[in-house]
Structures are given as structure tokens and as C-alpha cells.
$ cat final-v9.txt   # compact mmCIF, C-alpha atoms
# COMPACT_ATOMS: atom_id res chain seq x y z
CA CYS F 28 2.94 -5.06 25.01
CA LEU F 29 6.46 -4.18 26.12
CA TYR F 30 8.04 -6.24 23.33
CA ASN F 31 5.79 -4.55 20.77
CA TYR F 32 6.59 -1.05 22.06
CA VAL F 33 10.34 -1.71 22.11
CA GLU F 34 10.26 -3.03 18.56
CA MET F 35 8.11 -0.11 17.37
CA ALA F 36 10.58 2.31 18.96
CA ARG F 37 13.49 0.61 17.19
CA VAL F 38 11.73 0.62 13.81
CA THR F 39 10.54 4.23 13.92
CA GLY F 40 13.36 5.83 15.90
CA THR F 41 11.03 7.38 18.48
CA PRO F 42 11.21 7.17 22.29
CA ILE F 43 8.79 4.75 23.94
CA ASN F 44 7.00 7.57 25.78
CA PHE F 45 6.14 9.10 22.37
CA LEU F 46 4.48 5.83 21.41
CA LEU F 47 2.37 5.97 24.57
CA ASN F 48 1.50 9.67 24.55
CA ARG F 49 1.47 10.73 20.90
CA GLY F 50 -0.18 9.62 17.69
CA GLN F 51 1.01 7.91 14.52
CA MET F 52 2.38 10.99 12.73
CA VAL F 53 5.41 11.42 14.95
CA LYS F 54 6.55 7.93 13.94
CA VAL F 55 6.45 8.72 10.22
CA THR F 56 8.06 12.13 10.81
CA SER F 57 10.90 10.46 12.71
CA GLN F 58 11.52 7.99 9.91
CA LEU F 59 11.44 10.77 7.32
CA LEU F 60 13.93 12.85 9.29
CA ARG F 61 16.26 9.88 9.65
CA LYS F 62 16.14 9.08 5.91
CA ALA F 63 16.41 12.77 4.92
CA ARG F 64 19.58 13.10 6.97
CA GLU F 65 21.06 10.02 5.29
CA GLN F 66 20.33 11.39 1.82
CA GLY F 67 21.35 15.00 2.50
CA TYR F 68 17.85 16.52 2.41
CA VAL F 69 16.39 19.21 4.66
CA MET F 70 12.81 18.79 5.84
CA PRO F 71 10.65 21.90 6.15
CA THR F 72 9.00 22.86 9.41
CA GLN F 73 5.32 23.62 8.95
CA LYS F 74 2.69 24.72 11.42
CA SER F 75 -0.24 22.36 11.53
CA GLN F 76 -3.18 24.05 9.86
CA GLY F 77 -6.54 22.48 9.23
CA SER F 78 -7.81 22.45 5.66
CA ASP F 79 -11.04 21.66 3.86
CA ASP F 80 -9.14 20.22 0.89
CA LYS F 81 -10.36 16.75 0.00
CA TYR F 82 -9.51 14.02 -2.45
CA GLU F 83 -11.29 10.94 -3.74
CA GLY F 84 -10.70 7.88 -1.63
CA ALA F 85 -10.66 4.18 -2.35
CA THR F 86 -13.15 2.31 -4.50
CA VAL F 87 -15.96 0.39 -2.84
CA LEU F 88 -17.74 -1.81 -5.37
CA ASP F 89 -21.48 -2.10 -4.88
CA PRO F 90 -22.14 -5.37 -3.02
CA LEU F 91 -24.43 -8.00 -4.48
CA CYS F 92 -26.23 -8.73 -1.24
CA GLY F 93 -27.55 -12.18 -0.53
CA TYR F 94 -26.84 -15.58 0.97
CA TYR F 95 -24.11 -17.55 -0.81
CA ASP F 96 -23.87 -21.29 -0.33
CA LYS F 97 -20.88 -21.62 -2.69
CA PRO F 98 -17.27 -20.70 -1.79
CA ILE F 99 -16.30 -17.04 -2.26
CA ALA F 100 -12.63 -16.38 -3.06
CA THR F 101 -11.12 -13.19 -1.66
CA LEU F 102 -8.34 -11.67 -3.76
CA ASP F 103 -6.27 -9.30 -1.66
CA PHE F 104 -3.47 -7.01 -2.83
CA ALA F 105 -0.47 -7.37 -0.53
CA SER F 106 0.45 -3.99 0.98
CA LEU F 107 -1.45 -2.19 -1.79
CA TYR F 108 -0.80 1.47 -0.92
CA PRO F 109 2.87 1.03 0.03
CA SER F 110 3.37 -1.00 -3.17
CA ILE F 111 1.82 1.77 -5.27
CA MET F 112 4.05 4.40 -3.67
CA MET F 113 7.14 2.29 -4.33
CA ALA F 114 6.17 1.28 -7.88
CA HIS F 115 5.48 4.85 -9.02
CA ASN F 116 8.11 6.63 -6.88
CA LEU F 117 5.59 8.87 -5.10
CA CYS F 118 7.29 11.25 -2.69
CA TYR F 119 7.62 14.88 -1.66
CA CYS F 120 11.00 15.13 -3.37
CA THR F 121 9.84 13.58 -6.66
CA LEU F 122 6.67 15.66 -7.10
CA VAL F 123 6.76 17.89 -10.20
CA ARG F 124 4.66 21.05 -10.24
CA PRO F 125 2.46 21.58 -13.34
CA ASP F 126 4.53 24.57 -14.51
CA GLN F 127 7.68 22.43 -14.26
CA ALA F 128 6.10 19.42 -15.98
CA VAL F 129 5.53 21.25 -19.28
CA ARG F 130 9.27 21.94 -19.54
CA MET F 131 10.45 18.43 -18.68
CA ASP F 132 10.87 15.29 -20.75
CA GLN F 133 7.64 13.32 -20.36
CA ALA F 134 9.57 10.04 -20.50
CA GLN F 135 11.24 10.98 -17.21
CA MET F 136 7.93 11.37 -15.37
CA THR F 137 4.90 9.35 -14.35
CA ARG F 138 1.49 10.97 -14.78
CA THR F 139 -0.85 9.59 -12.14
CA PRO F 140 -4.59 8.97 -12.78
CA SER F 141 -5.33 12.04 -10.65
CA GLY F 142 -3.29 14.25 -12.99
CA CYS F 143 -0.15 14.73 -10.86
CA PHE F 144 3.43 14.25 -12.06
CA PHE F 145 6.32 12.51 -10.32
CA VAL F 146 9.81 11.88 -11.65
CA LYS F 147 10.71 8.25 -12.15
CA SER F 148 13.09 6.44 -9.84
CA GLN F 149 15.81 6.42 -12.53
CA GLN F 150 15.97 10.22 -12.20
CA ARG F 151 15.65 10.50 -8.43
CA LYS F 152 14.62 7.91 -5.87
CA GLY F 153 12.03 9.22 -3.40
CA LEU F 154 12.51 9.12 0.37
CA LEU F 155 9.11 7.54 1.02
CA PRO F 156 9.71 4.63 -1.39
CA MET F 157 13.12 4.06 0.24
CA ILE F 158 11.53 3.94 3.70
CA LEU F 159 8.76 1.61 2.53
CA GLU F 160 11.16 -0.77 0.77
CA GLU F 161 13.22 -1.08 3.94
CA LEU F 162 10.15 -1.57 6.15
CA LEU F 163 8.62 -4.27 3.95
CA ALA F 164 11.92 -6.09 3.42
CA ALA F 165 12.57 -6.04 7.18
CA ARG F 166 9.06 -7.36 7.84
CA LYS F 167 9.61 -10.24 5.45
CA ARG F 168 12.84 -11.13 7.26
CA ALA F 169 11.14 -10.90 10.67
CA LYS F 170 8.27 -13.16 9.59
CA LYS F 171 10.71 -15.71 8.19
CA ALA F 172 12.76 -15.67 11.38
CA MET F 173 9.59 -15.97 13.48
CA ALA F 174 8.54 -19.08 11.57
CA GLU F 175 11.95 -20.64 12.19
CA ALA F 176 12.22 -19.66 15.87
CA GLU F 177 11.50 -22.32 18.48
CA ASP F 178 11.76 -20.23 21.65
CA PRO F 179 8.40 -18.58 22.59
CA LEU F 180 10.18 -15.42 23.81
CA THR F 181 12.03 -15.04 20.50
CA GLN F 182 8.78 -15.60 18.61
CA SER F 183 7.08 -12.90 20.68
CA VAL F 184 9.86 -10.38 20.01
CA LEU F 185 9.85 -11.13 16.28
CA ASN F 186 6.07 -10.91 16.14
CA GLY F 187 6.25 -7.50 17.79
CA ARG F 188 8.82 -6.44 15.21
CA GLN F 189 6.82 -7.55 12.18
CA LEU F 190 3.68 -5.89 13.56
CA ALA F 191 5.59 -2.64 14.10
CA LEU F 192 6.94 -2.80 10.56
CA LYS F 193 3.49 -3.49 9.10
CA ILE F 194 1.83 -0.61 10.99
CA SER F 195 4.63 1.76 10.04
CA ALA F 196 4.40 0.91 6.34
CA ASN F 197 0.62 1.23 6.24
CA SER F 198 0.62 4.60 8.01
CA VAL F 199 2.87 6.40 5.49
CA TYR F 200 0.03 6.96 3.01
CA GLY F 201 -2.25 8.39 5.72
CA PHE F 202 0.53 10.73 6.83
CA THR F 203 0.57 12.40 3.41
CA GLY F 204 -3.21 12.78 3.33
CA ALA F 205 -3.72 14.31 6.78
CA THR F 206 -4.43 17.97 5.99
CA ASN F 207 -3.91 19.01 9.63
CA GLY F 208 -0.78 16.91 9.97
CA HIS F 209 2.94 17.64 9.98
CA LEU F 210 3.60 17.46 6.23
CA PRO F 211 0.43 17.02 4.15
CA CYS F 212 0.72 16.45 0.41
CA LEU F 213 -2.60 15.66 -1.23
CA GLU F 214 -0.89 15.14 -4.60
CA ILE F 215 0.66 11.98 -3.14
CA SER F 216 -2.39 10.66 -1.29
CA SER F 217 -4.80 11.38 -4.16
CA SER F 218 -2.44 9.65 -6.61
CA VAL F 219 -2.22 6.58 -4.38
CA THR F 220 -5.99 6.16 -4.12
CA ALA F 221 -6.40 6.85 -7.87
CA PHE F 222 -3.97 4.06 -8.75
CA GLY F 223 -5.76 1.82 -6.23
CA ARG F 224 -9.13 2.48 -7.84
CA GLU F 225 -7.70 1.62 -11.26
CA MET F 226 -6.29 -1.66 -9.99
CA ILE F 227 -9.52 -2.75 -8.31
CA GLU F 228 -11.59 -1.91 -11.40
CA HIS F 229 -9.07 -3.66 -13.66
CA THR F 230 -9.13 -6.78 -11.50
CA LYS F 231 -12.94 -6.89 -11.55
CA ASN F 232 -13.07 -6.47 -15.32
CA MET F 233 -10.35 -9.07 -15.91
CA VAL F 234 -12.03 -11.68 -13.70
CA GLU F 235 -15.46 -11.27 -15.25
CA ALA F 236 -14.07 -11.17 -18.83
CA GLU F 237 -11.67 -14.12 -18.63
CA TYR F 238 -13.41 -16.58 -16.30
CA THR F 239 -16.49 -17.31 -18.38
CA VAL F 240 -18.16 -20.32 -19.96
CA GLU F 241 -17.19 -18.93 -23.38
CA LYS F 242 -13.50 -19.04 -22.38
CA GLY F 243 -13.73 -22.72 -21.38
CA HIS F 244 -14.59 -22.43 -17.69
CA LYS F 245 -17.47 -24.30 -16.03
CA HIS F 246 -19.16 -21.14 -14.74
CA ASN F 247 -19.19 -17.39 -15.26
CA ALA F 248 -17.22 -15.73 -12.46
CA GLN F 249 -18.88 -12.80 -10.71
CA VAL F 250 -17.33 -10.16 -8.44
CA ILE F 251 -19.83 -9.74 -5.61
CA TYR F 252 -17.95 -7.08 -3.61
CA GLY F 253 -14.74 -5.09 -3.51
CA ASP F 254 -13.25 -2.59 -1.09
CA THR F 255 -9.95 -0.66 -1.17
CA ASP F 256 -7.50 -3.53 -1.72
CA SER F 257 -9.57 -6.67 -2.21
CA VAL F 258 -12.27 -8.19 -4.39
CA MET F 259 -14.54 -11.12 -3.55
CA VAL F 260 -15.31 -13.51 -6.39
CA LYS F 261 -17.96 -16.17 -6.84
CA PHE F 262 -16.59 -18.68 -9.34
CA GLY F 263 -19.70 -20.85 -9.20
CA THR F 264 -17.87 -23.97 -8.07
CA ASP F 265 -18.96 -26.02 -5.03
CA SER F 266 -15.36 -26.94 -4.21
CA ILE F 267 -13.41 -24.75 -1.77
CA GLU F 268 -10.15 -26.15 -3.14
CA GLU F 269 -11.06 -25.29 -6.72
CA ALA F 270 -12.14 -21.77 -5.73
CA MET F 271 -8.82 -21.23 -3.96
CA ASN F 272 -6.87 -22.57 -6.96
CA LEU F 273 -8.75 -20.24 -9.32
CA GLY F 274 -8.04 -17.31 -6.99
CA GLN F 275 -4.33 -18.14 -6.95
CA GLU F 276 -4.38 -18.45 -10.74
CA ILE F 277 -5.78 -14.92 -11.02
CA GLY F 278 -3.10 -13.68 -8.61
CA ARG F 279 -0.34 -15.15 -10.79
CA ALA F 280 -1.94 -13.71 -13.95
CA SER F 281 -2.16 -10.21 -12.44
CA CYS F 282 1.50 -10.42 -11.36
CA ARG F 283 2.54 -11.30 -14.93
CA GLU F 284 0.52 -8.33 -16.23
CA ARG F 285 2.26 -5.91 -13.83
CA VAL F 286 5.68 -7.26 -14.86
$ encode --input "final-v9.txt" --output "C-alpha cells"
Amino acid sequence: CLYNYVEMARVTGTPINFLLNRGQMVKVTSQLLRKAREQGYVMPTQKSQGSDDKYEGATVLDPLCGYYDKPIATLDFASLYPSIMMAHNLCYCTLVRPDQAVRMDQAQMTRTPSGCFFVKSQQRKGLLPMILEELLAARKRAKKAMAEAEDPLTQSVLNGRQLALKISANSVYGFTGATNGHLPCLEISSSVTAFGREMIEHTKNMVEAEYTVEKGHKHNAQVIYGDTDSVMVKFGTDSIEEAMNLGQEIGRASCRERV
């Protein structure tokens, strides 16, 4: 526990007693303040006020309930919400109000599925994407170093670091959607979940359209469940190895589409 707390304190820039006595928001606030200072921004101070404002959350595909005696492949998006925020430059300082959007060049902005506008990273890089890029890159380095380490103590320290980095990255989205939090911005959180819903639906449609008998496959693939950042696919094969290979093939195909 001590290793994990020390590493979390280093990653987020908060004292250890804050990690023990306070919630997740202070960690994100600390990281935002640190990055804002680097970039010459000033962060507003807001009193925490509860709100009834809501936004549509993640997609949960209706499950096809039953007993399955054939392998089910699970396709999982790696760090889905942080990846969406980085890819589309979603941040407080890149948000464009509707009255501003009508006067700006549309090519300089991204319109999210929820109807919000954010300037592209070529115009201004957002603080949240910067923080997330650093967190995920640092986690990748920590996991690589952990795999190469031979000393159990070093492995424990590095494991604590990569866990702290993972938790920190995943909590940024929730920070923006907490209406009674330090700095709520539902335009960001609603845009993130809207992009997530699109990606899950697109993955389901692609799998069931491309992996069919008509397209030369042995069976018709069927998505039996999906939730937030993953879909579970029945390819119809009896072989675990073949199901895994087909799942990896879909992963590579979706990466090529995004590129």
C-alpha cells in the first residue's frame, strides 16, 4: 500500500494525507493546476454546487442471454475515454460556445455527436489531452520497466506507479462530469460518452456485416453483448485459438479505419 500511495502522490502532485482523507477530484485538480501553470493558464475557483443537469451515458447493448458452449471473443478498447479526449482535443480551454462557433471556420473545429464544438489541436492543444498523453505514455514506460525488472521490490514500486497512472487517466473523464465537483463541464463528458456510443455501435455493425458466410467466413458472427468500451462476439468456431485470431484481426481492421 505504501508503494502505491507514494507513486500516486508523485503522479498527481498531491500530499499522501490527501490520498488517504480526500476523494479522487483533488488529484485531477492538482494535475490541472500543475499543467495550467506550465502553459500560462489561470484556473477559475468555483464553489461546489449540486445540479440536476444530466447527460446520456455509455451504450449497453442488449445481451443475448443463454448458455454458450463456443468461445466468446471480447474486444476491448484500450483506455477508451482518455483516447477519445486526446483524439478530439476535448478540454475546458478548447470548448467553443455556440455563439462563437457560428463565426469561426468550421475546418478548425470538431463537432461532437452531442452537438458541442471544440477547436482542433492544430489551433490550440487542450490541457486535459496533454495530461492524458503524459499519463498514458508514463504508464507504458512503467509497464515495460516492470516486465524487465528482476528485483521484487522494484517490480512492486513499478506496479504501484502504473496503477496510479491508470487510475489517474481514467478519472479525468469523471471529473468533468461531476456536477457537484470542482470544475464540471458537461459539454466534455457528454461528448466523450457520445463518441463512445458511436464507436461501440460501429464495431457491432462492422463485425456482423463483415464476418458472415457470404463474405467467405465459416459462420455468421454475432455480437451477444456490449458495455461502455467492449463488445463480446460469438464467431461460431469451436476453436479458442481461432476465435482469438479473429478478434485480433478485427482489432487491426478497426485501427486501420481510425488511421
$ closest_residue --input "final-v9.txt" --among "F:Ala165, F:Ala114, F:Ile277, F:Val87" --to "F:Gly253" --atoms "only C-alpha atoms"
F:Val87
$ closest_atom_pairs --input "final-v9.txt" --of "stretch 120-181 of chain F" --to "stretch 209-232 of chain F" --cutoff "7 Å" --atoms "all atoms listed in the file" --output "Markdown table"
| residue | atom | partner | partner_atom | distance |
| --- | --- | --- | --- | --- |
| F:Thr139 | CA | F:Ser218 | CA | 5.8 |
| F:Pro140 | CA | F:Ala221 | CA | 5.6 |
| F:Ser141 | CA | F:Ser218 | CA | 5.5 |
| F:Cys143 | CA | F:Glu214 | CA | 6.3 |
$ atom_distance --input "final-v9.txt" --atom1 "atom CA of F:Gly67" --atom2 "atom CA of F:Ser110"
24.7 Å
$ residues_around --input "final-v9.txt" --residues "stretch 98-104 of chain F" --least-positions-apart "6" --cutoff "9 Å" --atoms "all atoms listed in the file" --output "tab-separated table (two decimals) with C-alpha atoms, in the coordinates of the input"
chain	number	residue	atom	x	y	z
F	251	ILE	CA	-19.83	-9.74	-5.61
F	256	ASP	CA	-7.50	-3.53	-1.72
F	257	SER	CA	-9.57	-6.67	-2.21
F	258	VAL	CA	-12.27	-8.19	-4.39
F	259	MET	CA	-14.54	-11.12	-3.55
F	260	VAL	CA	-15.31	-13.51	-6.39
F	261	LYS	CA	-17.96	-16.17	-6.84
F	262	PHE	CA	-16.59	-18.68	-9.34
F	263	GLY	CA	-19.70	-20.85	-9.20
F	264	THR	CA	-17.87	-23.97	-8.07
F	265	ASP	CA	-18.96	-26.02	-5.03
F	266	SER	CA	-15.36	-26.94	-4.21
F	267	ILE	CA	-13.41	-24.75	-1.77
F	270	ALA	CA	-12.14	-21.77	-5.73
F	271	MET	CA	-8.82	-21.23	-3.96
F	273	LEU	CA	-8.75	-20.24	-9.32
F	274	GLY	CA	-8.04	-17.31	-6.99
F	275	GLN	CA	-4.33	-18.14	-6.95
F	277	ILE	CA	-5.78	-14.92	-11.02
F	278	GLY	CA	-3.10	-13.68	-8.61
$ closest_atom_pairs --input "final-v9.txt" --of "stretch 143-217 of chain F" --to "stretch 128-137 of chain F" --cutoff "7 Å" --atoms "only C-alpha atoms" --output "CSV"
residue,atom,partner,partner_atom,distance
F:Phe144,CA,F:Thr137,CA,5.6
F:Phe145,CA,F:Thr137,CA,5.3
F:Val146,CA,F:Met136,CA,4.2
F:Lys147,CA,F:Met136,CA,5.3
F:Gln150,CA,F:Gln135,CA,6.9
$ closest_residue --input "final-v9.txt" --among "F:Lys167, F:Lys54, F:Arg279, F:His115" --to "F:Ile194" --atoms "only C-alpha atoms"
F:Lys54
$ closest_residue --input "final-v9.txt" --among "F:Arg37, F:Arg166, F:Lys97, F:Lys193" --to "F:Glu269" --atoms "only C-alpha atoms"
F:Lys97
$ atom_distance --input "final-v9.txt" --atom1 "atom CA of F:Asn197" --atom2 "atom CA of F:Val123"
24.2 Å
$ atom_distance --input "final-v9.txt" --atom1 "atom CA of F:Glu160" --atom2 "atom CA of F:Thr121"
16.2 Å
$ closest_residue --input "final-v9.txt" --among "F:Gly187, F:Asp178, F:Ala105, F:Gly208" --to "F:Leu163" --atoms "all atoms listed in the file"
F:Ala105
$ decode --input "final-v9.txt" --residues "stretch 183-214 of chain F" --atoms "C-alpha atoms" --output "tab-separated table (two decimals), in the first residue's frame"
chain	number	residue	atom	x	y	z
F	183	SER	CA	6.30	-3.65	-6.66
F	184	VAL	CA	7.24	0.03	-6.98
F	185	LEU	CA	6.72	0.00	-10.75
F	186	ASN	CA	3.41	-1.80	-10.38
F	187	GLY	CA	2.28	0.88	-7.94
F	188	ARG	CA	3.32	3.53	-10.45
F	189	GLN	CA	1.46	2.03	-13.41
F	190	LEU	CA	-1.66	1.53	-11.28
F	191	ALA	CA	-1.52	5.16	-10.15
F	192	LEU	CA	-1.14	6.31	-13.75
F	193	LYS	CA	-4.04	4.13	-14.92
F	194	ILE	CA	-6.39	5.35	-12.17
F	195	SER	CA	-5.43	8.96	-12.80
F	196	ALA	CA	-6.07	8.72	-16.54
F	197	ASN	CA	-9.42	7.00	-16.11
F	198	SER	CA	-10.66	9.53	-13.54
F	199	VAL	CA	-10.24	12.62	-15.75
F	200	TYR	CA	-13.49	11.98	-17.66
F	201	GLY	CA	-15.46	11.53	-14.42
F	202	PHE	CA	-14.01	14.78	-13.08
F	203	THR	CA	-15.60	16.74	-15.93
F	204	GLY	CA	-18.98	15.07	-15.47
F	205	ALA	CA	-19.35	15.52	-11.71
F	206	THR	CA	-21.92	18.32	-11.44
F	207	ASN	CA	-21.14	18.88	-7.74
F	208	GLY	CA	-17.40	18.74	-8.32
F	209	HIS	CA	-14.63	21.31	-8.57
F	210	LEU	CA	-14.87	22.11	-12.28
F	211	PRO	CA	-17.80	20.39	-14.02
F	212	CYS	CA	-18.16	20.66	-17.79
F	213	LEU	CA	-20.94	18.51	-19.18
F	214	GLU	CA	-20.04	19.52	-22.74
